[in-house]
$ cat model-v1.cif   # mmCIF, C-alpha atoms and all ligand atoms
data_input
#
loop_
_atom_site.group_PDB
_atom_site.id
_atom_site.type_symbol
_atom_site.label_atom_id
_atom_site.label_comp_id
_atom_site.auth_asym_id
_atom_site.auth_seq_id
_atom_site.Cartn_x
_atom_site.Cartn_y
_atom_site.Cartn_z
ATOM 1 C CA MET F 17 0.000 0.000 0.000
ATOM 2 C CA THR F 18 1.129 3.492 -0.722
ATOM 3 C CA THR F 19 1.443 5.642 2.365
ATOM 4 C CA ASN F 20 3.445 8.545 1.068
ATOM 5 C CA GLY F 21 1.642 11.529 -0.402
ATOM 6 C CA ASN F 22 3.996 11.999 -3.299
ATOM 7 C CA GLU F 23 4.171 8.355 -4.278
ATOM 8 C CA SER F 24 0.430 8.100 -4.419
ATOM 9 C CA ARG F 25 0.087 10.997 -6.815
ATOM 10 C CA VAL F 26 1.132 8.694 -9.588
ATOM 11 C CA GLU F 27 0.664 8.700 -13.304
ATOM 12 C CA ALA F 28 -2.740 7.730 -14.612
ATOM 13 C CA GLY F 29 -1.421 4.388 -15.844
ATOM 14 C CA GLN F 30 -0.607 3.275 -12.306
ATOM 15 C CA GLU F 31 -3.954 4.285 -10.883
ATOM 16 C CA GLU F 32 -4.943 0.767 -9.887
ATOM 17 C CA GLU F 33 -2.147 0.670 -7.305
ATOM 18 C CA ARG F 34 -3.522 3.535 -5.275
ATOM 19 C CA GLU F 35 -5.238 2.798 -1.994
ATOM 20 C CA VAL F 36 -8.816 3.959 -1.823
ATOM 21 C CA VAL F 37 -9.372 5.709 1.509
ATOM 22 C CA LEU F 38 -12.981 6.663 0.919
ATOM 23 C CA SER F 39 -15.276 4.802 -1.415
ATOM 24 C CA VAL F 40 -18.829 5.969 -2.057
ATOM 25 C CA ARG F 41 -20.964 3.671 -4.196
ATOM 26 C CA ASP F 42 -24.431 4.361 -5.599
ATOM 27 C CA VAL F 43 -25.427 6.515 -2.668
ATOM 28 C CA THR F 44 -28.889 8.046 -2.615
ATOM 29 C CA VAL F 45 -29.892 10.618 -0.016
ATOM 30 C CA ALA F 46 -33.337 12.211 0.207
ATOM 31 C CA PHE F 47 -35.116 14.450 2.653
ATOM 32 C CA GLY F 48 -38.771 13.505 2.412
ATOM 33 C CA GLU F 49 -39.749 13.761 -1.248
ATOM 34 C CA LYS F 50 -36.657 15.731 -2.139
ATOM 35 C CA THR F 51 -33.803 13.639 -3.503
ATOM 36 C CA ILE F 52 -30.481 15.400 -3.046
ATOM 37 C CA LEU F 53 -28.031 12.709 -4.171
ATOM 38 C CA GLU F 54 -28.913 9.843 -6.481
ATOM 39 C CA ASN F 55 -26.673 6.835 -7.092
ATOM 40 C CA LEU F 56 -23.602 8.925 -6.483
ATOM 41 C CA SER F 57 -20.194 7.241 -6.598
ATOM 42 C CA LEU F 58 -16.823 8.704 -5.700
ATOM 43 C CA ASP F 59 -13.375 7.482 -4.655
ATOM 44 C CA VAL F 60 -10.738 9.349 -2.699
ATOM 45 C CA TYR F 61 -7.180 7.991 -2.801
ATOM 46 C CA ARG F 62 -4.552 8.043 -0.097
ATOM 47 C CA GLY F 63 -2.323 11.093 -0.124
ATOM 48 C CA GLU F 64 -4.368 13.179 -2.509
ATOM 49 C CA ILE F 65 -6.244 16.434 -2.137
ATOM 50 C CA LEU F 66 -9.620 15.914 -3.720
ATOM 51 C CA GLY F 67 -11.470 19.132 -4.471
ATOM 52 C CA PHE F 68 -15.230 18.737 -4.367
ATOM 53 C CA VAL F 69 -17.096 21.463 -6.182
ATOM 54 C CA GLY F 70 -20.640 22.178 -7.325
ATOM 55 C CA ALA F 71 -23.348 24.806 -7.312
ATOM 56 C CA SER F 72 -24.547 26.170 -4.002
ATOM 57 C CA GLY F 73 -27.215 23.863 -2.605
ATOM 58 C CA ALA F 74 -26.143 20.947 -4.837
ATOM 59 C CA GLY F 75 -25.536 18.687 -1.847
ATOM 60 C CA LYS F 76 -21.806 18.933 -1.140
ATOM 61 C CA SER F 77 -22.259 19.305 2.595
ATOM 62 C CA VAL F 78 -24.993 16.657 2.581
ATOM 63 C CA LEU F 79 -22.586 14.124 1.056
ATOM 64 C CA LEU F 80 -19.983 14.971 3.663
ATOM 65 C CA ARG F 81 -22.511 14.575 6.457
ATOM 66 C CA THR F 82 -23.672 11.294 4.943
ATOM 67 C CA VAL F 83 -20.119 9.943 4.890
ATOM 68 C CA LEU F 84 -19.816 10.886 8.570
ATOM 69 C CA LYS F 85 -23.145 9.164 9.276
ATOM 70 C CA LEU F 86 -24.747 12.393 10.443
ATOM 71 C CA VAL F 87 -27.345 12.103 7.678
ATOM 72 C CA PRO F 88 -29.012 8.786 6.788
ATOM 73 C CA LYS F 89 -28.883 7.475 3.237
ATOM 74 C CA GLN F 90 -31.627 5.638 1.378
ATOM 75 C CA SER F 91 -29.278 3.259 -0.385
ATOM 76 C CA GLY F 92 -25.682 2.677 -1.400
ATOM 77 C CA THR F 93 -22.430 1.782 0.318
ATOM 78 C CA ILE F 94 -19.792 3.921 1.994
ATOM 79 C CA LYS F 95 -16.426 2.468 2.909
ATOM 80 C CA LEU F 96 -13.661 4.159 4.857
ATOM 81 C CA PHE F 97 -10.272 2.410 4.771
ATOM 82 C CA GLY F 98 -12.049 -0.535 3.165
ATOM 83 C CA VAL F 99 -14.531 -0.850 6.027
ATOM 84 C CA ASP F 100 -18.254 -0.547 5.358
ATOM 85 C CA VAL F 101 -19.412 2.178 7.751
ATOM 86 C CA ASP F 102 -22.772 0.442 8.185
ATOM 87 C CA GLU F 103 -21.209 -2.768 9.369
ATOM 88 C CA VAL F 104 -18.996 -1.632 12.219
ATOM 89 C CA ASP F 105 -19.632 -2.240 15.900
ATOM 90 C CA ASP F 106 -19.133 0.487 18.503
ATOM 91 C CA THR F 107 -15.458 -0.315 19.066
ATOM 92 C CA GLN F 108 -14.678 -0.235 15.354
ATOM 93 C CA ARG F 109 -16.684 2.970 14.984
ATOM 94 C CA LEU F 110 -14.608 4.616 17.685
ATOM 95 C CA LEU F 111 -11.445 3.566 15.893
ATOM 96 C CA LEU F 112 -12.786 4.893 12.581
ATOM 97 C CA ASP F 113 -13.666 8.209 14.218
ATOM 98 C CA THR F 114 -10.099 8.667 15.392
ATOM 99 C CA ARG F 115 -8.815 8.239 11.825
ATOM 100 C CA ILE F 116 -11.017 11.051 10.505
ATOM 101 C CA GLY F 117 -10.674 14.794 11.048
ATOM 102 C CA VAL F 118 -13.429 17.233 10.164
ATOM 103 C CA LEU F 119 -13.677 20.954 9.641
ATOM 104 C CA PHE F 120 -17.369 21.705 9.159
ATOM 105 C CA GLN F 121 -18.605 24.481 6.889
ATOM 106 C CA HIS F 122 -19.715 26.706 9.729
ATOM 107 C CA GLY F 123 -17.643 24.845 12.280
ATOM 108 C CA ALA F 124 -16.505 27.620 14.520
ATOM 109 C CA LEU F 125 -14.258 27.106 17.475
ATOM 110 C CA PHE F 126 -15.800 27.021 20.933
ATOM 111 C CA SER F 127 -15.656 30.689 21.885
ATOM 112 C CA ALA F 128 -15.353 30.058 25.620
ATOM 113 C CA LEU F 129 -12.312 27.819 25.155
ATOM 114 C CA THR F 130 -8.758 28.824 24.300
ATOM 115 C CA VAL F 131 -7.136 27.534 21.122
ATOM 116 C CA LEU F 132 -5.297 24.916 23.171
ATOM 117 C CA GLU F 133 -8.523 23.747 24.796
ATOM 118 C CA ASN F 134 -10.292 23.681 21.435
ATOM 119 C CA VAL F 135 -7.598 21.445 19.968
ATOM 120 C CA GLN F 136 -7.912 19.183 23.000
ATOM 121 C CA VAL F 137 -11.660 18.628 22.598
ATOM 122 C CA PRO F 138 -11.250 15.525 20.379
ATOM 123 C CA MET F 139 -8.387 14.288 22.563
ATOM 124 C CA ARG F 140 -10.585 14.427 25.642
ATOM 125 C CA GLU F 141 -13.356 12.641 23.799
ATOM 126 C CA TYR F 142 -11.303 9.807 22.358
ATOM 127 C CA LEU F 143 -8.056 9.496 24.276
ATOM 128 C CA ASP F 144 -7.246 9.019 27.896
ATOM 129 C CA LEU F 145 -4.046 10.973 28.367
ATOM 130 C CA PRO F 146 -2.394 12.840 31.213
ATOM 131 C CA ARG F 147 -2.895 16.598 31.106
ATOM 132 C CA LYS F 148 0.749 17.399 30.457
ATOM 133 C CA LEU F 149 0.992 15.091 27.466
ATOM 134 C CA MET F 150 -2.239 16.509 26.047
ATOM 135 C CA ASP F 151 -0.841 20.010 26.367
ATOM 136 C CA GLU F 152 2.315 18.984 24.534
ATOM 137 C CA LEU F 153 0.356 17.279 21.766
ATOM 138 C CA ALA F 154 -1.940 20.264 21.342
ATOM 139 C CA ILE F 155 1.044 22.631 21.111
ATOM 140 C CA LEU F 156 2.520 20.382 18.419
ATOM 141 C CA LYS F 157 -0.688 20.633 16.375
ATOM 142 C CA ILE F 158 -0.835 24.384 16.854
ATOM 143 C CA GLU F 159 2.707 24.730 15.540
ATOM 144 C CA MET F 160 2.016 22.273 12.742
ATOM 145 C CA VAL F 161 -0.640 24.593 11.288
ATOM 146 C CA GLY F 162 1.715 27.556 11.408
ATOM 147 C CA LEU F 163 0.285 29.342 14.417
ATOM 148 C CA PRO F 164 2.655 30.942 16.917
ATOM 149 C CA ARG F 165 2.979 29.142 20.245
ATOM 150 C CA ASP F 166 1.384 32.034 22.101
ATOM 151 C CA ALA F 167 -1.820 31.566 20.104
ATOM 152 C CA ALA F 168 -2.445 28.517 22.314
ATOM 153 C CA ASN F 169 -3.746 30.559 25.203
ATOM 154 C CA LYS F 170 -5.791 32.989 23.144
ATOM 155 C CA PHE F 171 -9.539 32.886 22.718
ATOM 156 C CA PRO F 172 -11.092 32.760 19.244
ATOM 157 C CA SER F 173 -12.237 36.388 19.562
ATOM 158 C CA GLU F 174 -8.586 37.430 19.765
ATOM 159 C CA LEU F 175 -7.665 35.772 16.462
ATOM 160 C CA SER F 176 -7.889 36.853 12.818
ATOM 161 C CA GLY F 177 -10.073 34.897 10.360
ATOM 162 C CA GLY F 178 -7.076 33.088 8.932
ATOM 163 C CA MET F 179 -5.821 32.123 12.389
ATOM 164 C CA ILE F 180 -9.259 30.771 13.318
ATOM 165 C CA LYS F 181 -9.231 28.513 10.245
ATOM 166 C CA ARG F 182 -5.782 27.285 11.171
ATOM 167 C CA ALA F 183 -6.861 26.612 14.745
ATOM 168 C CA ALA F 184 -9.885 24.701 13.442
ATOM 169 C CA LEU F 185 -7.557 22.688 11.218
ATOM 170 C CA ALA F 186 -5.334 21.975 14.222
ATOM 171 C CA ARG F 187 -8.411 20.637 16.007
ATOM 172 C CA ALA F 188 -9.258 18.463 12.977
ATOM 173 C CA LEU F 189 -5.700 17.089 13.135
ATOM 174 C CA ALA F 190 -5.799 16.492 16.892
ATOM 175 C CA LEU F 191 -5.996 12.701 16.647
ATOM 176 C CA ASP F 192 -3.501 12.333 13.769
ATOM 177 C CA PRO F 193 -6.194 11.344 11.273
ATOM 178 C CA ASP F 194 -5.520 9.628 7.938
ATOM 179 C CA ILE F 195 -8.086 11.765 6.169
ATOM 180 C CA VAL F 196 -9.487 15.221 6.832
ATOM 181 C CA PHE F 197 -12.766 16.536 5.507
ATOM 182 C CA LEU F 198 -12.711 20.283 4.996
ATOM 183 C CA ASP F 199 -16.000 21.967 4.078
ATOM 184 C CA GLU F 200 -15.259 25.321 2.422
ATOM 185 C CA PRO F 201 -12.265 26.000 4.679
ATOM 186 C CA THR F 202 -11.192 29.192 2.921
ATOM 187 C CA SER F 203 -14.566 30.873 2.623
ATOM 188 C CA GLY F 204 -14.447 34.267 4.267
ATOM 189 C CA LEU F 205 -10.681 34.582 3.885
ATOM 190 C CA ASP F 206 -9.056 37.119 1.593
ATOM 191 C CA PRO F 207 -7.237 35.647 -1.445
ATOM 192 C CA ILE F 208 -3.838 35.744 0.229
ATOM 193 C CA GLY F 209 -5.165 34.142 3.409
ATOM 194 C CA ALA F 210 -6.872 31.487 1.290
ATOM 195 C CA ALA F 211 -3.707 30.809 -0.716
ATOM 196 C CA ASP F 212 -1.701 30.476 2.508
ATOM 197 C CA PHE F 213 -4.228 27.992 3.852
ATOM 198 C CA ASP F 214 -4.074 25.951 0.624
ATOM 199 C CA GLU F 215 -0.306 25.922 0.820
ATOM 200 C CA LEU F 216 -0.507 24.611 4.382
ATOM 201 C CA VAL F 217 -2.897 21.825 3.369
ATOM 202 C CA ALA F 218 -0.598 20.832 0.497
ATOM 203 C CA LYS F 219 2.349 20.804 2.892
ATOM 204 C CA LEU F 220 0.488 18.460 5.251
ATOM 205 C CA ARG F 221 -0.251 16.180 2.327
ATOM 206 C CA ASP F 222 3.397 16.130 1.329
ATOM 207 C CA THR F 223 4.902 15.757 4.791
ATOM 208 C CA MET F 224 2.344 13.512 6.507
ATOM 209 C CA GLY F 225 0.779 11.792 3.519
ATOM 210 C CA LEU F 226 -2.510 13.281 4.665
ATOM 211 C CA THR F 227 -5.543 12.585 2.488
ATOM 212 C CA VAL F 228 -7.770 15.619 2.061
ATOM 213 C CA TYR F 229 -11.372 15.865 0.962
ATOM 214 C CA MET F 230 -11.970 19.550 0.419
ATOM 215 C CA VAL F 231 -15.295 21.087 -0.505
ATOM 216 C CA THR F 232 -14.501 24.448 -2.015
ATOM 217 C CA HIS F 233 -15.849 27.275 -4.124
ATOM 218 C CA ASP F 234 -12.421 28.688 -4.509
ATOM 219 C CA LEU F 235 -11.241 28.344 -8.077
ATOM 220 C CA ASP F 236 -7.710 29.234 -7.053
ATOM 221 C CA SER F 237 -7.655 26.296 -4.587
ATOM 222 C CA LEU F 238 -9.018 23.963 -7.209
ATOM 223 C CA LEU F 239 -6.412 24.970 -9.742
ATOM 224 C CA THR F 240 -3.392 25.114 -7.476
ATOM 225 C CA ALA F 241 -3.865 22.835 -4.469
ATOM 226 C CA CYS F 242 -6.085 19.968 -5.619
ATOM 227 C CA ASP F 243 -4.720 16.817 -7.205
ATOM 228 C CA ARG F 244 -8.123 15.818 -8.489
ATOM 229 C CA ILE F 245 -11.482 17.488 -8.722
ATOM 230 C CA ALA F 246 -14.977 16.016 -8.553
ATOM 231 C CA VAL F 247 -17.909 18.083 -9.740
ATOM 232 C CA LEU F 248 -21.312 17.548 -8.151
ATOM 233 C CA GLY F 249 -24.323 18.257 -10.325
ATOM 234 C CA LYS F 250 -27.627 16.611 -11.200
ATOM 235 C CA LYS F 251 -27.391 14.703 -7.901
ATOM 236 C CA LYS F 252 -24.198 12.869 -8.816
ATOM 237 C CA VAL F 253 -20.552 13.314 -9.719
ATOM 238 C CA LEU F 254 -20.725 14.803 -13.204
ATOM 239 C CA VAL F 255 -17.034 14.947 -13.989
ATOM 240 C CA GLU F 256 -14.008 13.709 -12.063
ATOM 241 C CA GLY F 257 -10.314 14.125 -12.775
ATOM 242 C CA PRO F 258 -7.343 16.478 -12.708
ATOM 243 C CA VAL F 259 -7.572 20.121 -13.745
ATOM 244 C CA SER F 260 -6.834 19.137 -17.344
ATOM 245 C CA THR F 261 -10.047 17.084 -17.400
ATOM 246 C CA MET F 262 -11.992 20.127 -16.204
ATOM 247 C CA MET F 263 -10.405 22.230 -18.919
ATOM 248 C CA GLN F 264 -11.538 19.803 -21.591
ATOM 249 C CA SER F 265 -15.000 18.976 -20.276
ATOM 250 C CA GLU F 266 -17.950 20.017 -22.400
ATOM 251 C CA GLU F 267 -20.344 19.717 -19.458
ATOM 252 C CA PRO F 268 -21.960 23.195 -19.420
ATOM 253 C CA TRP F 269 -21.598 23.826 -15.683
ATOM 254 C CA VAL F 270 -17.966 22.696 -15.690
ATOM 255 C CA LYS F 271 -17.280 24.757 -18.783
ATOM 256 C CA SER F 272 -18.659 27.973 -17.374
ATOM 257 C CA TYR F 273 -17.107 27.391 -13.957
ATOM 258 C CA PHE F 274 -13.600 26.556 -15.134
ATOM 259 C CA ARG F 275 -13.486 28.439 -18.415
ATOM 260 C CA GLY F 276 -16.000 31.253 -17.932
ATOM 261 C CA LYS F 277 -15.354 34.921 -17.199
ATOM 262 C CA ARG F 278 -14.454 34.298 -13.577
ATOM 263 C CA ALA F 279 -12.005 31.546 -14.507
ATOM 264 C CA ARG F 280 -10.242 33.817 -16.971
ATOM 265 C CA ARG F 281 -9.836 36.377 -14.236
ATOM 266 C CA VAL F 282 -8.173 33.801 -11.950
ATOM 267 C CA ASP F 283 -5.937 32.787 -14.825
ATOM 268 C CA ILE F 284 -4.877 36.394 -15.368
ATOM 269 C CA ASP F 285 -4.289 36.830 -11.625
ATOM 270 C CA ALA F 286 -2.075 33.748 -11.604
ATOM 271 C CA ARG F 287 -0.056 35.026 -14.532
ATOM 272 C CA THR F 288 0.380 38.419 -12.928
ATOM 273 C CA ARG F 289 1.703 36.755 -9.788
ATOM 274 C CA THR F 290 4.194 34.661 -11.748
ATOM 275 C CA ASP F 291 5.436 37.674 -13.668
ATOM 276 C CA ALA F 292 5.891 39.752 -10.521
HETATM 277 N N1 LIG K 1 -31.241 18.110 7.222
HETATM 278 C C1 LIG K 1 -31.809 18.522 6.080
HETATM 279 N N2 LIG K 1 -33.145 18.404 5.895
HETATM 280 C C2 LIG K 1 -33.707 18.806 4.748
HETATM 281 N N3 LIG K 1 -33.044 19.321 3.705
HETATM 282 C C3 LIG K 1 -31.726 19.470 3.832
HETATM 283 C C4 LIG K 1 -31.030 19.083 5.015
HETATM 284 N N4 LIG K 1 -29.717 19.336 4.849
HETATM 285 C C5 LIG K 1 -29.587 19.864 3.616
HETATM 286 N N5 LIG K 1 -30.781 19.945 2.997
HETATM 287 C C6 LIG K 1 -31.000 20.426 1.628
HETATM 288 O O1 LIG K 1 -30.137 19.722 0.764
HETATM 289 C C7 LIG K 1 -29.684 20.560 -0.293
HETATM 290 C C8 LIG K 1 -28.195 20.520 -0.388
HETATM 291 O O2 LIG K 1 -27.637 21.194 0.730
HETATM 292 P P1 LIG K 1 -26.075 21.320 0.981
HETATM 293 O O3 LIG K 1 -25.460 19.980 0.953
HETATM 294 O O4 LIG K 1 -25.910 22.106 2.218
HETATM 295 O O5 LIG K 1 -25.592 22.162 -0.294
HETATM 296 P P2 LIG K 1 -24.114 22.627 -0.637
HETATM 297 O O6 LIG K 1 -23.749 21.929 -1.910
HETATM 298 O O7 LIG K 1 -24.202 24.100 -0.847
HETATM 299 O O8 LIG K 1 -23.226 22.260 0.503
HETATM 300 C C9 LIG K 1 -30.269 21.944 -0.016
HETATM 301 O O9 LIG K 1 -31.411 22.101 -0.797
HETATM 302 C C10 LIG K 1 -30.606 21.876 1.446
HETATM 303 O O10 LIG K 1 -31.684 22.727 1.731
HETATM 304 MG MG MG K 2 -22.166 23.327 1.876
#

$ encode --input "model-v1.cif" --output "structure tokens" --more "lines below"
Ligand SMILES: Nc1ncnc2c1ncn2[C@@H]1O[C@H](COP(=O)(O)OP(=O)(O)O)[C@@H](O)[C@H]1O
Ligand SMILES: [Mg+2]
Amino acid sequence: MTTNGNESRVEAGQEEEREVVLSVRDVTVAFGEKTILENLSLDVYRGEILGFVGASGAGKSVLLRTVLKLVPKQSGTIKLFGVDVDEVDDTQRLLLDTRIGVLFQHGALFSALTVLENVQVPMREYLDLPRKLMDELAILKIEMVGLPRDAANKFPSELSGGMIKRAALARALALDPDIVFLDEPTSGLDPIGAADFDELVAKLRDTMGLTVYMVTHDLDSLLTACDRIAVLGKKKVLVEGPVSTMMQSEEPWVKSYFRGKRARRVDIDARTRTDA
């Protein structure tokens, strides 16, 4: 099995060797009469950053919540690390939970807790560790996401938007997960803050072999940070592949998203940055 981030980002011809961390097969999710996802299938491979994109309200967050078993599905199979999430007992579920980190779309930090205490929330829930060790581990995570050590004792209200996202990422990494689910992590950040965050996520992929499932609206992130992109539309994954696949797709939504006016602007921005 491939465990290194770089090794797993292999050429297309070697695709069959890559370990599937998350496998979604023929999943249908409905709320009452309203079907949100219908026979949707998607794979996420170890060590990659998968960008998940689609119109607002298409069901990106619903799929994420379904994978985490926070929303029930009507049919289909979801496997994490090869294990069917519907067939695990409580002990196995607990183990699965520790291998997954999540940053929810509106997942703010607990405002009454310091950054250090926020990062320790999952540790307290899943691990039984002495206080001192937990403090050391939390500091490690805080430094890992590029926050200064003294951010540990600050409250969320004392942090900038970008620092809050980093602290939330540190919390998602608290248990050393194999995969993190990030739901629009850079929304609300300015372009430079967003680019810095993307760079951090890519660094974690490269250094830890972290697998990342990132829901994003940010075209810059999709073009620069993601190894593969999956587009949600018409209740399923419409197109899936690297940026080059998006650039060639004739699917109207994909075309206007990646090659429309807005896309050209991002392209020009990127060129300006390179020239500077
Ligand atoms: N718990 C729920 N009950 C009913 N409808 C829901 C629920 N959660 C989400 N929806 C609906 O599912 C659709 C997809 O939502 P969502 O996944 O949040 O979209 P997005 O792609 O923007 O993340 C929306 O129409 C939303 O109103
Ligand atoms: Mg959403």

$ atom_distance --input "model-v1.cif" --atom1 "CA of Leu129 (chain F)" --atom2 "CA of Gly177 (chain F)"
16.6 Å

$ resolve_selection --input "model-v1.cif" --expression "the PyMOL selection byres (((chain F and resi 267) around 12) and not hetatm)" --output "number ranges by chain"
F: 247-250, 253-256, 261-266, 268-275

$ resolve_selection --input "model-v1.cif" --expression "the PyMOL selection byres (((not hetatm)) within 7 of (chain K and resi 1))" --output "list in words"
Phe47, Ile52, Gly70, Ala71, Ser72, Gly73, Ala74, Gly75, Lys76, Ser77, Val78 and Leu79 of chain F

$ resolve_selection --input "model-v1.cif" --expression "the PyMOL selection byres (((chain F and resi 101-109) around 12) and not hetatm)" --output "list in words"
Leu38, Ser39, Val40, Thr82, Val83, Leu84, Lys85, Leu86, Pro88, Lys89, Ser91, Gly92, Thr93, Ile94, Lys95, Leu96, Phe97, Gly98, Val99, Asp100, Leu110, Leu111, Leu112, Asp113, Thr114, Arg115, Ile116 and Tyr142 of chain F

$ closest_residue --input "model-v1.cif" --among "F:Ser260, F:Lys252, F:Gly225, F:Val118" --to "Leu191 (chain F)" --atoms "only C-alpha atoms"
F:Val118

$ closest_residue --input "model-v1.cif" --among "F:Pro172, F:Gly257, F:Gly123, F:Gly117" --to "ligand MG 2 (chain K)" --atoms "all atoms listed in the file"
F:Gly123

$ axis_aligned_box --input "model-v1.cif" --around "region 61-68 of chain F" --padding-each-side "5 Å" --output "AutoDock Vina command-line options"
--center_x -8.8 --center_y 13.6 --center_z -2.3 --size_x 22.9 --size_y 21.1 --size_z 14.4

$ atom_distance --input "model-v1.cif" --atom1 "CA of His122 (chain F)" --atom2 "CA of Arg244 (chain F)"
24.2 Å

$ closest_residue --input "model-v1.cif" --among "F:Asp192, F:Thr223, F:Val43, F:Arg187" --to "Leu119 (chain F)" --atoms "only C-alpha atoms"
F:Arg187

$ closest_residue --input "model-v1.cif" --among "F:Ile195, F:Val60, F:Ile158, F:Val131" --to "Glu174 (chain F)" --atoms "only C-alpha atoms"
F:Val131

$ residues_around --input "model-v1.cif" --residues "region 205-216 of chain F" --least-positions-apart "4" --cutoff "10 Å" --atoms "all atoms listed in the file" --output "list in words"
Met160, Val161, Gly162, Ser176, Gly177, Gly178, Met179, Lys181, Arg182, Leu185, Pro201, Leu220, Arg221, Asp222, Asp234, Asp236, Ser237, Leu238, Thr240, Ala241 and Cys242 of chain F

$ closest_residue --input "model-v1.cif" --among "F:Met150, F:Gln90, F:Gly204, F:Glu64" --to "Glu49 (chain F)" --atoms "all atoms listed in the file"
F:Gln90

$ closest_residue --input "model-v1.cif" --among "F:Ala168, F:Leu198, F:Val259, F:Met224" --to "ligand MG 2 (chain K)" --atoms "all atoms listed in the file"
F:Leu198

$ residues_around --input "model-v1.cif" --residues "Leu132 (chain F)" --least-positions-apart "6" --cutoff "10 Å" --atoms "only C-alpha atoms" --output "list in words"
Met150, Asp151, Glu152, Leu153, Ala154, Ile155, Lys157, Ile158, Arg165, Asp166, Ala167, Ala168, Asn169, Lys170, Phe171, Ala183, Ala186 and Arg187 of chain F

$ atom_distance --input "model-v1.cif" --atom1 "CA of Lys219 (chain F)" --atom2 "CA of Val231 (chain F)"
18.0 Å

$ residues_around --input "model-v1.cif" --residues "Arg62 (chain F)" --least-positions-apart "6" --cutoff "6 Å" --atoms "only C-alpha atoms" --output "number ranges by chain"
F: 35, 37, 227

$ residues_around --input "model-v1.cif" --residues "Met139 (chain F)" --least-positions-apart "4" --cutoff "8 Å" --atoms "all atoms listed in the file" --output "PyMOL selection string"
chain F and resi 135+143-145+150+190-191
